[in-house]
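So this block is my_file_33.txt, compact mmCIF, C-alpha atoms:
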# COMPACT_ATOMS: atom_id res chain seq x y z
CA MET L 1 0.00 0.00 0.00
CA ALA L 2 1.29 3.43 -0.97
CA LEU L 3 -0.94 5.59 1.25
CA SER L 4 -0.46 6.13 4.97
CA ALA L 5 -3.17 5.44 7.52
CA ASP L 6 -3.72 9.19 7.87
CA GLU L 7 -4.10 9.63 4.11
CA ILE L 8 -6.63 6.79 3.98
CA ARG L 9 -8.69 8.31 6.80
CA SER L 10 -8.51 11.75 5.19
CA ALA L 11 -9.75 10.40 1.85
CA ALA L 12 -12.64 8.60 3.57
CA ASP L 13 -13.59 11.80 5.43
CA ARG L 14 -13.55 13.76 2.17
CA LEU L 15 -15.82 11.23 0.48
CA HIS L 16 -18.20 11.35 3.42
CA ARG L 17 -18.38 15.12 3.30
CA ALA L 18 -18.85 15.02 -0.48
CA GLU L 19 -21.88 12.78 -0.09
CA LYS L 20 -23.37 14.95 2.66
CA SER L 21 -22.81 18.22 0.79
CA ARG L 22 -23.46 16.80 -2.70
CA GLN L 23 -20.22 18.43 -3.83
CA GLN L 24 -17.86 16.16 -5.75
CA ILE L 25 -14.19 15.97 -4.85
CA ARG L 26 -11.16 15.77 -7.10
CA GLN L 27 -10.06 12.34 -8.25
CA LEU L 28 -8.04 10.61 -5.54
CA SER L 29 -5.82 9.10 -8.25
CA LEU L 30 -4.68 12.63 -9.13
CA ASP L 31 -3.99 13.59 -5.53
CA HIS L 32 -2.20 10.26 -4.93
CA PRO L 33 -0.59 9.07 -8.21
CA GLY L 34 0.88 6.01 -6.48
CA ILE L 35 -2.45 4.78 -5.10
CA THR L 36 -2.99 1.01 -5.30
CA LEU L 37 -6.09 -1.19 -5.37
CA ASP L 38 -5.41 -2.13 -1.74
CA ASP L 39 -5.34 1.58 -0.86
CA ALA L 40 -8.65 2.10 -2.66
CA TYR L 41 -10.37 -0.73 -0.79
CA ALA L 42 -8.89 0.54 2.49
CA ILE L 43 -10.45 3.96 1.81
CA GLN L 44 -13.78 2.28 1.05
CA GLN L 45 -13.59 0.31 4.30
CA ALA L 46 -12.74 3.45 6.27
CA TRP L 47 -15.72 5.25 4.73
CA VAL L 48 -18.07 2.35 5.57
CA ALA L 49 -16.72 2.42 9.13
CA ILE L 50 -17.73 6.09 9.38
CA LYS L 51 -21.24 5.22 8.24
CA VAL L 52 -21.54 2.28 10.64
CA ALA L 53 -20.42 4.55 13.49
CA GLU L 54 -23.30 6.86 12.52
CA GLY L 55 -25.79 3.98 12.83
CA ARG L 56 -25.87 2.44 9.39
CA VAL L 57 -26.07 -1.36 9.07
CA VAL L 58 -24.27 -3.49 6.47
CA LYS L 59 -26.87 -5.40 4.45
CA GLY L 60 -24.77 -6.91 1.68
CA HIS L 61 -22.44 -6.28 -1.22
CA LYS L 62 -22.43 -5.07 -4.81
CA ILE L 63 -20.20 -6.25 -7.63
CA GLY L 64 -19.29 -4.02 -10.55
CA LEU L 65 -17.23 -4.04 -13.72
CA THR L 66 -18.26 -7.61 -14.52
CA SER L 67 -18.29 -7.23 -18.30
CA LYS L 68 -15.20 -7.79 -20.43
CA ALA L 69 -15.83 -4.50 -22.24
CA MET L 70 -15.74 -2.45 -19.02
CA GLN L 71 -12.69 -4.30 -17.70
CA SER L 72 -10.81 -3.68 -20.94
CA ALA L 73 -11.76 0.01 -20.88
CA LEU L 74 -10.25 0.37 -17.41
CA ASN L 75 -7.30 -1.93 -18.09
CA ILE L 76 -8.20 -4.38 -15.32
CA ASP L 77 -8.85 -8.11 -15.35
CA GLU L 78 -11.34 -8.55 -12.50
CA PRO L 79 -14.51 -6.93 -11.12
CA ASP L 80 -14.71 -4.52 -8.20
CA SER L 81 -17.02 -4.50 -5.19
CA GLY L 82 -18.72 -2.23 -2.68
CA ILE L 83 -20.94 -2.41 0.41
CA LEU L 84 -24.74 -2.17 0.63
CA LEU L 85 -26.07 -0.31 3.67
CA ASP L 86 -29.58 -0.30 5.12
CA ASP L 87 -30.44 3.24 3.95
CA MET L 88 -29.66 2.36 0.32
CA PHE L 89 -32.78 0.19 -0.15
CA PHE L 90 -35.82 1.73 -1.85
CA ALA L 91 -39.26 0.20 -2.43
CA ASP L 92 -40.22 -1.24 -5.79
CA GLY L 93 -42.39 1.36 -7.54
CA GLY L 94 -41.49 3.91 -4.88
CA LEU L 95 -39.91 7.34 -4.85
CA VAL L 96 -36.17 7.91 -4.78
CA PRO L 97 -35.25 11.36 -3.40
CA SER L 98 -33.12 12.94 -6.13
CA ASP L 99 -31.95 15.69 -3.80
CA ARG L 100 -30.04 13.11 -1.77
CA PHE L 101 -27.71 12.37 -4.69
CA ILE L 102 -25.34 14.17 -7.07
CA GLY L 103 -25.88 12.57 -10.49
CA THR L 104 -27.71 9.25 -10.60
CA ARG L 105 -27.57 6.45 -13.13
CA VAL L 106 -29.41 3.11 -13.04
CA GLU L 107 -28.41 -0.43 -14.00
CA ALA L 108 -30.37 -3.70 -14.26
CA GLU L 109 -29.03 -6.66 -12.30
CA LEU L 110 -29.87 -9.85 -10.46
CA ALA L 111 -29.67 -9.83 -6.66
CA PHE L 112 -28.77 -12.98 -4.73
CA ILE L 113 -30.34 -13.37 -1.27
CA MET L 114 -28.10 -15.66 0.76
CA LYS L 115 -29.65 -18.44 2.88
CA GLN L 116 -26.39 -19.54 4.48
CA ARG L 117 -22.87 -18.30 5.05
CA LEU L 118 -20.60 -18.59 2.01
CA SER L 119 -16.85 -18.23 2.31
CA GLY L 120 -13.79 -18.66 0.13
CA PRO L 121 -11.24 -19.51 -0.98
CA GLY L 122 -12.18 -22.09 -3.55
CA CYS L 123 -15.82 -21.00 -3.81
CA THR L 124 -17.48 -21.97 -7.13
CA MET L 125 -20.71 -21.00 -8.87
CA PHE L 126 -22.21 -24.28 -7.65
CA ASP L 127 -21.44 -23.31 -4.04
CA VAL L 128 -23.16 -19.98 -4.69
CA LEU L 129 -26.28 -21.63 -6.09
CA ASN L 130 -26.44 -24.00 -3.11
CA ALA L 131 -26.03 -21.13 -0.62
CA THR L 132 -28.63 -18.85 -2.26
CA ASP L 133 -32.21 -18.66 -1.04
CA PHE L 134 -33.69 -16.49 -3.80
CA VAL L 135 -32.58 -14.58 -6.88
CA VAL L 136 -34.49 -11.33 -7.40
CA PRO L 137 -34.69 -8.77 -10.25
CA ALA L 138 -33.09 -5.52 -9.14
CA LEU L 139 -32.10 -2.01 -10.10
CA GLU L 140 -28.87 -0.51 -8.83
CA ILE L 141 -28.73 3.24 -8.38
CA LEU L 142 -25.26 4.65 -9.05
CA ASP L 143 -23.86 7.97 -7.90
CA THR L 144 -20.36 9.40 -7.81
CA ARG L 145 -18.84 11.48 -5.07
CA ILE L 146 -15.69 11.87 -7.19
CA GLU L 147 -15.48 13.92 -10.37
CA ARG L 148 -15.74 11.82 -13.52
CA VAL L 149 -13.53 14.25 -15.47
CA ASP L 150 -10.98 16.60 -13.91
CA ALA L 151 -11.62 20.20 -14.95
CA VAL L 152 -7.92 21.04 -15.29
CA THR L 153 -6.21 17.90 -16.62
CA LYS L 154 -9.31 16.40 -18.34
CA SER L 155 -8.26 13.12 -16.78
CA THR L 156 -11.09 10.60 -16.35
CA ARG L 157 -11.78 8.54 -13.23
CA LYS L 158 -9.58 5.51 -12.66
CA ILE L 159 -10.47 2.17 -11.10
CA PHE L 160 -8.90 3.37 -7.83
CA ASP L 161 -11.38 6.26 -7.66
CA THR L 162 -14.36 4.02 -8.35
CA ILE L 163 -13.41 1.47 -5.69
CA ALA L 164 -12.71 4.11 -3.05
CA ASP L 165 -16.11 5.62 -3.90
CA ASN L 166 -17.83 2.38 -2.78
CA ALA L 167 -17.84 1.14 -6.38
CA ALA L 168 -20.15 4.09 -7.20
CA ASN L 169 -23.04 2.50 -5.32
CA ALA L 170 -25.83 4.65 -3.91
CA GLY L 171 -29.04 2.61 -3.86
CA ILE L 172 -30.88 -0.57 -4.71
CA VAL L 173 -34.46 -1.51 -5.63
CA LEU L 174 -35.60 -5.13 -5.37
CA GLY L 175 -38.76 -6.29 -7.15
CA GLY L 176 -40.30 -8.62 -9.66
CA ARG L 177 -40.76 -12.31 -8.99
CA PRO L 178 -38.23 -14.01 -6.71
CA LEU L 179 -37.01 -17.34 -8.02
CA ARG L 180 -35.09 -20.25 -6.61
CA PRO L 181 -31.63 -20.61 -8.17
CA GLY L 182 -32.64 -23.85 -9.92
CA ASP L 183 -35.89 -22.49 -11.37
CA ALA L 184 -34.23 -21.05 -14.47
CA ASP L 185 -30.98 -20.85 -16.38
CA LEU L 186 -29.87 -17.55 -14.88
CA ARG L 187 -27.73 -16.74 -17.91
CA TRP L 188 -30.84 -16.29 -20.04
CA ILE L 189 -32.72 -13.95 -17.73
CA GLY L 190 -32.94 -10.62 -19.52
CA ALA L 191 -34.40 -7.18 -19.01
CA LEU L 192 -35.97 -4.46 -21.14
CA CYS L 193 -35.14 -1.18 -19.44
CA TYR L 194 -37.34 1.89 -19.92
CA ARG L 195 -36.96 5.53 -18.95
CA ASN L 196 -40.24 7.44 -19.00
CA GLY L 197 -41.78 4.76 -21.19
CA GLN L 198 -38.99 4.78 -23.78
CA LEU L 199 -36.84 1.68 -24.22
CA GLU L 200 -33.24 2.61 -23.35
CA GLU L 201 -31.28 -0.62 -22.82
CA THR L 202 -31.62 -4.39 -23.05
CA GLY L 203 -29.37 -7.19 -21.87
CA LEU L 204 -28.95 -10.76 -20.66
CA ALA L 205 -27.50 -11.84 -17.32
CA ALA L 206 -24.92 -13.93 -19.21
CA GLY L 207 -23.10 -10.62 -19.69
CA VAL L 208 -22.03 -10.95 -16.06
CA LEU L 209 -18.96 -13.22 -16.34
CA ASN L 210 -21.05 -15.68 -18.43
CA HIS L 211 -23.12 -16.50 -15.31
CA PRO L 212 -24.05 -14.15 -12.46
CA ALA L 213 -23.31 -16.83 -9.86
CA THR L 214 -19.68 -16.78 -11.05
CA SER L 215 -19.58 -13.12 -10.06
CA VAL L 216 -20.83 -13.91 -6.55
CA ALA L 217 -18.23 -16.69 -6.23
CA TRP L 218 -15.52 -14.18 -7.21
CA LEU L 219 -16.62 -11.90 -4.38
CA ALA L 220 -16.67 -14.69 -1.80
CA ASN L 221 -13.13 -15.64 -2.76
CA LYS L 222 -11.97 -12.00 -2.88
CA ILE L 223 -13.13 -11.02 0.61
CA ALA L 224 -11.93 -14.29 2.16
CA ALA L 225 -8.41 -12.81 2.20
CA ASN L 226 -9.70 -10.32 4.78
CA GLY L 227 -11.38 -12.99 6.88
CA LEU L 228 -14.83 -12.05 5.57
CA ALA L 229 -17.67 -14.06 4.04
CA LEU L 230 -21.10 -13.57 2.53
CA GLU L 231 -23.49 -13.94 5.45
CA ALA L 232 -26.96 -15.48 5.61
CA GLY L 233 -29.61 -12.92 4.77
CA GLN L 234 -27.26 -10.60 2.94
CA VAL L 235 -28.09 -9.24 -0.50
CA VAL L 236 -25.46 -9.49 -3.23
CA LEU L 237 -25.87 -7.50 -6.44
CA ALA L 238 -24.14 -9.67 -9.04
CA GLY L 239 -23.36 -6.96 -11.60
CA SER L 240 -25.07 -5.06 -14.37
CA PHE L 241 -25.85 -6.51 -17.78
CA ILE L 242 -26.83 -3.17 -19.36
CA ARG L 243 -25.08 0.15 -19.84
CA PRO L 244 -25.95 2.72 -17.13
CA ILE L 245 -29.04 4.82 -17.81
CA GLU L 246 -28.64 8.48 -16.87
CA THR L 247 -31.51 9.79 -14.76
CA ARG L 248 -32.84 13.18 -13.75
CA LYS L 249 -35.40 14.39 -11.23
CA GLY L 250 -38.84 13.34 -12.44
CA ASP L 251 -37.67 10.29 -14.39
CA THR L 252 -39.41 6.95 -14.01
CA ILE L 253 -37.31 3.82 -14.57
CA GLN L 254 -38.78 0.38 -15.16
CA ALA L 255 -37.04 -2.88 -15.98
CA ASP L 256 -39.19 -5.65 -17.47
CA TYR L 257 -37.76 -9.09 -16.71
CA GLY L 258 -40.45 -10.97 -18.67
CA PRO L 259 -41.70 -14.01 -16.72
CA TRP L 260 -39.79 -12.77 -13.66
CA GLY L 261 -41.76 -9.57 -13.36
CA THR L 262 -40.85 -5.89 -13.31
CA VAL L 263 -38.98 -3.57 -10.98
CA GLY L 264 -39.03 0.20 -11.06
CA CYS L 265 -38.74 3.52 -9.27
CA CYS L 266 -39.35 7.23 -9.76
CA PHE L 267 -36.76 9.90 -9.04
CA ALA L 268 -38.73 12.52 -7.11

The structure given in the file should be rewritten as structure tokens.
Amino acid sequence: MALSADEIRSAADRLHRAEKSRQQIRQLSLDHPGITLDDAYAIQQAWVAIKVAEGRVVKGHKIGLTSKAMQSALNIDEPDSGILLDDMFFADGGLVPSDRFIGTRVEAELAFIMKQRLSGPGCTMFDVLNATDFVVPALEILDTRIERVDAVTKSTRKIFDTIADNAANAGIVLGGRPLRPGDADLRWIGALCYRNGQLEETGLAAGVLNHPATSVAWLANKIAANGLALEAGQVVLAGSFIRPIETRKGDTIQADYGPWGTVGCCFA
């Protein structure tokens, strides 16, 4: 790790203030050119610790950058992950307060609801399927507390910035028809995603590492190095299989998962 403990705490504090004030901060990768992936996850963990100290409760995990196209664009060879907290969950068909966020985008995903503890190393997609209670259609709400493009250098965000920023996670909506892991070939579950009644994006869950359960297995193996596991009752967002849909105040988003129902929200 290239950053000191003080620098990690300072970065976490800045992210926390950015979220509260809705004022983005400069890219951490510009302030700390030597930042590493371990540094970025340490900043994320320090930020989550601040939230937990304020009364938030960890409810699960999110996985991002699961498509080959996104990994190639960022010159990485594996996904990233973030933490889901209790105040990030919004009701299906409900209102999402736009004024709480900076600039939201939405993605369509499958959420895995764990029925038993799942730990790595050596976790496989079959272990994931056995440890999962339900799979549920979901929307992930993205936000960014870090500038996407630096005003001076025109540099774009790096993977270190995204990870430190809790993998850009801000909210989650669960809906549709829950299914048991063996009820369908999860690769072929798809979604038609609409903004204000207009079709914006489509995709299949196979876009997530060829099978979304493979993504969940990656996470279980990744966090095992820190002595962590996926716990019973936790929600795990497996990764998006569409491009992010930009949203503004007043927009209604709906994802149609065919036989598995719909999930949606309105940005109020």

Using all atoms listed in the file, which residues sit within 12 Å of Ile245 (chain L) once same-chain residues fewer than 4 positions away are excluded, as a VMD selection string? chain L and resid 103 to 108 139 to 143 193 to 196 198 to 202 240 to 241 251 to 255

Please produce a file of those selected residues containing C-alpha atoms, as a PDB file, in the frame of the given file.
ATOM      1  CA  GLY L 103     -25.880  12.570 -10.490  1.00  0.00           C
ATOM      2  CA  THR L 104     -27.710   9.250 -10.600  1.00  0.00           C
ATOM      3  CA  ARG L 105     -27.570   6.450 -13.130  1.00  0.00           C
ATOM      4  CA  VAL L 106     -29.410   3.110 -13.040  1.00  0.00           C
ATOM      5  CA  GLU L 107     -28.410  -0.430 -14.000  1.00  0.00           C
ATOM      6  CA  ALA L 108     -30.370  -3.700 -14.260  1.00  0.00           C
ATOM      7  CA  LEU L 139     -32.100  -2.010 -10.100  1.00  0.00           C
ATOM      8  CA  GLU L 140     -28.870  -0.510  -8.830  1.00  0.00           C
ATOM      9  CA  ILE L 141     -28.730   3.240  -8.380  1.00  0.00           C
ATOM     10  CA  LEU L 142     -25.260   4.650  -9.050  1.00  0.00           C
ATOM     11  CA  ASP L 143     -23.860   7.970  -7.900  1.00  0.00           C
ATOM     12  CA  CYS L 193     -35.140  -1.180 -19.440  1.00  0.00           C
ATOM     13  CA  TYR L 194     -37.340   1.890 -19.920  1.00  0.00           C
ATOM     14  CA  ARG L 195     -36.960   5.530 -18.950  1.00  0.00           C
ATOM     15  CA  ASN L 196     -40.240   7.440 -19.000  1.00  0.00           C
ATOM     16  CA  GLN L 198     -38.990   4.780 -23.780  1.00  0.00           C
ATOM     17  CA  LEU L 199     -36.840   1.680 -24.220  1.00  0.00           C
ATOM     18  CA  GLU L 200     -33.240   2.610 -23.350  1.00  0.00           C
ATOM     19  CA  GLU L 201     -31.280  -0.620 -22.820  1.00  0.00           C
ATOM     20  CA  THR L 202     -31.620  -4.390 -23.050  1.00  0.00           C
ATOM     21  CA  SER L 240     -25.070  -5.060 -14.370  1.00  0.00           C
ATOM     22  CA  PHE L 241     -25.850  -6.510 -17.780  1.00  0.00           C
ATOM     23  CA  ASP L 251     -37.670  10.290 -14.390  1.00  0.00           C
ATOM     24  CA  THR L 252     -39.410   6.950 -14.010  1.00  0.00           C
ATOM     25  CA  ILE L 253     -37.310   3.820 -14.570  1.00  0.00           C
ATOM     26  CA  GLN L 254     -38.780   0.380 -15.160  1.00  0.00           C
ATOM     27  CA  ALA L 255     -37.040  -2.880 -15.980  1.00  0.00           C
TER      28      ALA L 255
END

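Between CA of Asp92 (chain L) and CA of Gly233 (chain L) there is a distance of 19.0 Å.
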
Long-range neighbours of Glu78 (chain L) as a tab-separated table (two decimals) with C-alpha atoms, in the coordinates of the input, 8 Å cut-off, only C-alpha atoms, 6 positions minimum in chain:
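Full text of result01.tsv as output:
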chain	number	residue	atom	x	y	z
L	65	LEU	CA	-17.23	-4.04	-13.72
L	66	THR	CA	-18.26	-7.61	-14.52
L	71	GLN	CA	-12.69	-4.30	-17.70

Around (-20.6, 3.2, 6.5), as given in the file, which residues come within 12 Å? Count all atoms listed in the file and list them as a PDB file with C-alpha atoms, keeping the file's coordinate frame.
ATOM      1  CA  ALA L  12     -12.640   8.600   3.570  1.00  0.00           C
ATOM      2  CA  ASP L  13     -13.590  11.800   5.430  1.00  0.00           C
ATOM      3  CA  LEU L  15     -15.820  11.230   0.480  1.00  0.00           C
ATOM      4  CA  HIS L  16     -18.200  11.350   3.420  1.00  0.00           C
ATOM      5  CA  GLU L  19     -21.880  12.780  -0.090  1.00  0.00           C
ATOM      6  CA  ILE L  43     -10.450   3.960   1.810  1.00  0.00           C
ATOM      7  CA  GLN L  44     -13.780   2.280   1.050  1.00  0.00           C
ATOM      8  CA  GLN L  45     -13.590   0.310   4.300  1.00  0.00           C
ATOM      9  CA  ALA L  46     -12.740   3.450   6.270  1.00  0.00           C
ATOM     10  CA  TRP L  47     -15.720   5.250   4.730  1.00  0.00           C
ATOM     11  CA  VAL L  48     -18.070   2.350   5.570  1.00  0.00           C
ATOM     12  CA  ALA L  49     -16.720   2.420   9.130  1.00  0.00           C
ATOM     13  CA  ILE L  50     -17.730   6.090   9.380  1.00  0.00           C
ATOM     14  CA  LYS L  51     -21.240   5.220   8.240  1.00  0.00           C
ATOM     15  CA  VAL L  52     -21.540   2.280  10.640  1.00  0.00           C
ATOM     16  CA  ALA L  53     -20.420   4.550  13.490  1.00  0.00           C
ATOM     17  CA  GLU L  54     -23.300   6.860  12.520  1.00  0.00           C
ATOM     18  CA  GLY L  55     -25.790   3.980  12.830  1.00  0.00           C
ATOM     19  CA  ARG L  56     -25.870   2.440   9.390  1.00  0.00           C
ATOM     20  CA  VAL L  57     -26.070  -1.360   9.070  1.00  0.00           C
ATOM     21  CA  VAL L  58     -24.270  -3.490   6.470  1.00  0.00           C
ATOM     22  CA  LYS L  59     -26.870  -5.400   4.450  1.00  0.00           C
ATOM     23  CA  GLY L  60     -24.770  -6.910   1.680  1.00  0.00           C
ATOM     24  CA  GLY L  82     -18.720  -2.230  -2.680  1.00  0.00           C
ATOM     25  CA  ILE L  83     -20.940  -2.410   0.410  1.00  0.00           C
ATOM     26  CA  LEU L  84     -24.740  -2.170   0.630  1.00  0.00           C
ATOM     27  CA  LEU L  85     -26.070  -0.310   3.670  1.00  0.00           C
ATOM     28  CA  ASP L  86     -29.580  -0.300   5.120  1.00  0.00           C
ATOM     29  CA  ASP L  87     -30.440   3.240   3.950  1.00  0.00           C
ATOM     30  CA  MET L  88     -29.660   2.360   0.320  1.00  0.00           C
ATOM     31  CA  ASP L 165     -16.110   5.620  -3.900  1.00  0.00           C
ATOM     32  CA  ASN L 166     -17.830   2.380  -2.780  1.00  0.00           C
ATOM     33  CA  ALA L 170     -25.830   4.650  -3.910  1.00  0.00           C
TER      34      ALA L 170
END

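Proximity ranking of L:Ser4, L:Ser81, L:Thr262, L:Thr162 relative to Ser29 (chain L) places L:Thr162 first, based on only C-alpha atoms.
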
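Between CA of Gly190 (chain L) and CA of Val128 (chain L) lies a distance of 20.1 Å.
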
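CA of Phe101 (chain L) is found 8.5 Å from CA of Thr144 (chain L).
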
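Among the candidates L:Ala213, L:Met1, L:Leu74, L:Val236, the residue lying nearest to Lys158 (chain L) is L:Leu74 (atoms considered: only C-alpha atoms).
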
Counting all atoms listed in the file, what is within 9 Å of Trp188 (chain L), bar same-chain residues fewer than 4 positions away, as a short mmCIF file (atom, residue, chain, number, x, y, z; two decimals) with C-alpha atoms, in the frame of the given file?
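New file around_27.cif:
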data_model
loop_
_atom_site.label_atom_id
_atom_site.label_comp_id
_atom_site.auth_asym_id
_atom_site.auth_seq_id
_atom_site.Cartn_x
_atom_site.Cartn_y
_atom_site.Cartn_z
CA ALA L 184 -34.23 -21.05 -14.47
CA LEU L 204 -28.95 -10.76 -20.66
CA ALA L 205 -27.50 -11.84 -17.32
CA ALA L 206 -24.92 -13.93 -19.21
#

Considering all atoms listed in the file, state which residue in the set L:Glu109, L:Asp31, L:Asp161, L:Glu231 is at the smallest distance from Val263 (chain L). L:Glu109

Excluding same-chain residues fewer than 5 positions from Pro97 (chain L), what lies within 9 Å of it counting all atoms listed in the file, as a ChimeraX atom specification? /L:249,266-268

Considering only C-alpha atoms, return as a VMD selection string whatever protein or nucleic-acid residues lie within 7 Å of Ala217 (chain L), sequence-local ones (same chain, fewer than 6 positions apart) excluded. chain L and resid 123 to 125 128

Given the selection you just returned, output its residues as a file containing C-alpha atoms, formatted as an mmCIF file, keeping the file's coordinate frame.
data_model
loop_
_atom_site.group_PDB
_atom_site.id
_atom_site.type_symbol
_atom_site.label_atom_id
_atom_site.label_comp_id
_atom_site.auth_asym_id
_atom_site.auth_seq_id
_atom_site.Cartn_x
_atom_site.Cartn_y
_atom_site.Cartn_z
ATOM 1 C CA CYS L 123 -15.820 -21.000 -3.810
ATOM 2 C CA THR L 124 -17.480 -21.970 -7.130
ATOM 3 C CA MET L 125 -20.710 -21.000 -8.870
ATOM 4 C CA VAL L 128 -23.160 -19.980 -4.690
#

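Take the candidates L:Phe160, L:Gln24, L:Leu95, L:Gly64 and check each one against Gly207 (chain L) using all atoms listed in the file; the shortest distance goes to L:Gly64.
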
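Closest to Lys154 (chain L) among L:Leu237, L:Arg26, L:Ile63, L:Leu179 is L:Arg26, based on all atoms listed in the file.
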
Best match for closeness to Arg180 (chain L) among L:Ala111, L:Ile242, L:Ala42, L:Ile35, counting only C-alpha atoms: L:Ala111

Each side padded by 3 Å, which centre and which edge lengths in Å (one decimal) define the axis-aligned box around the listed atoms of region 123-142 of chain L? Give them as lines of an AutoDock Vina configuration file.
center_x = -25.3
center_y = -9.8
center_z = -5.4
size_x = 24.9
size_y = 34.9
size_z = 15.6
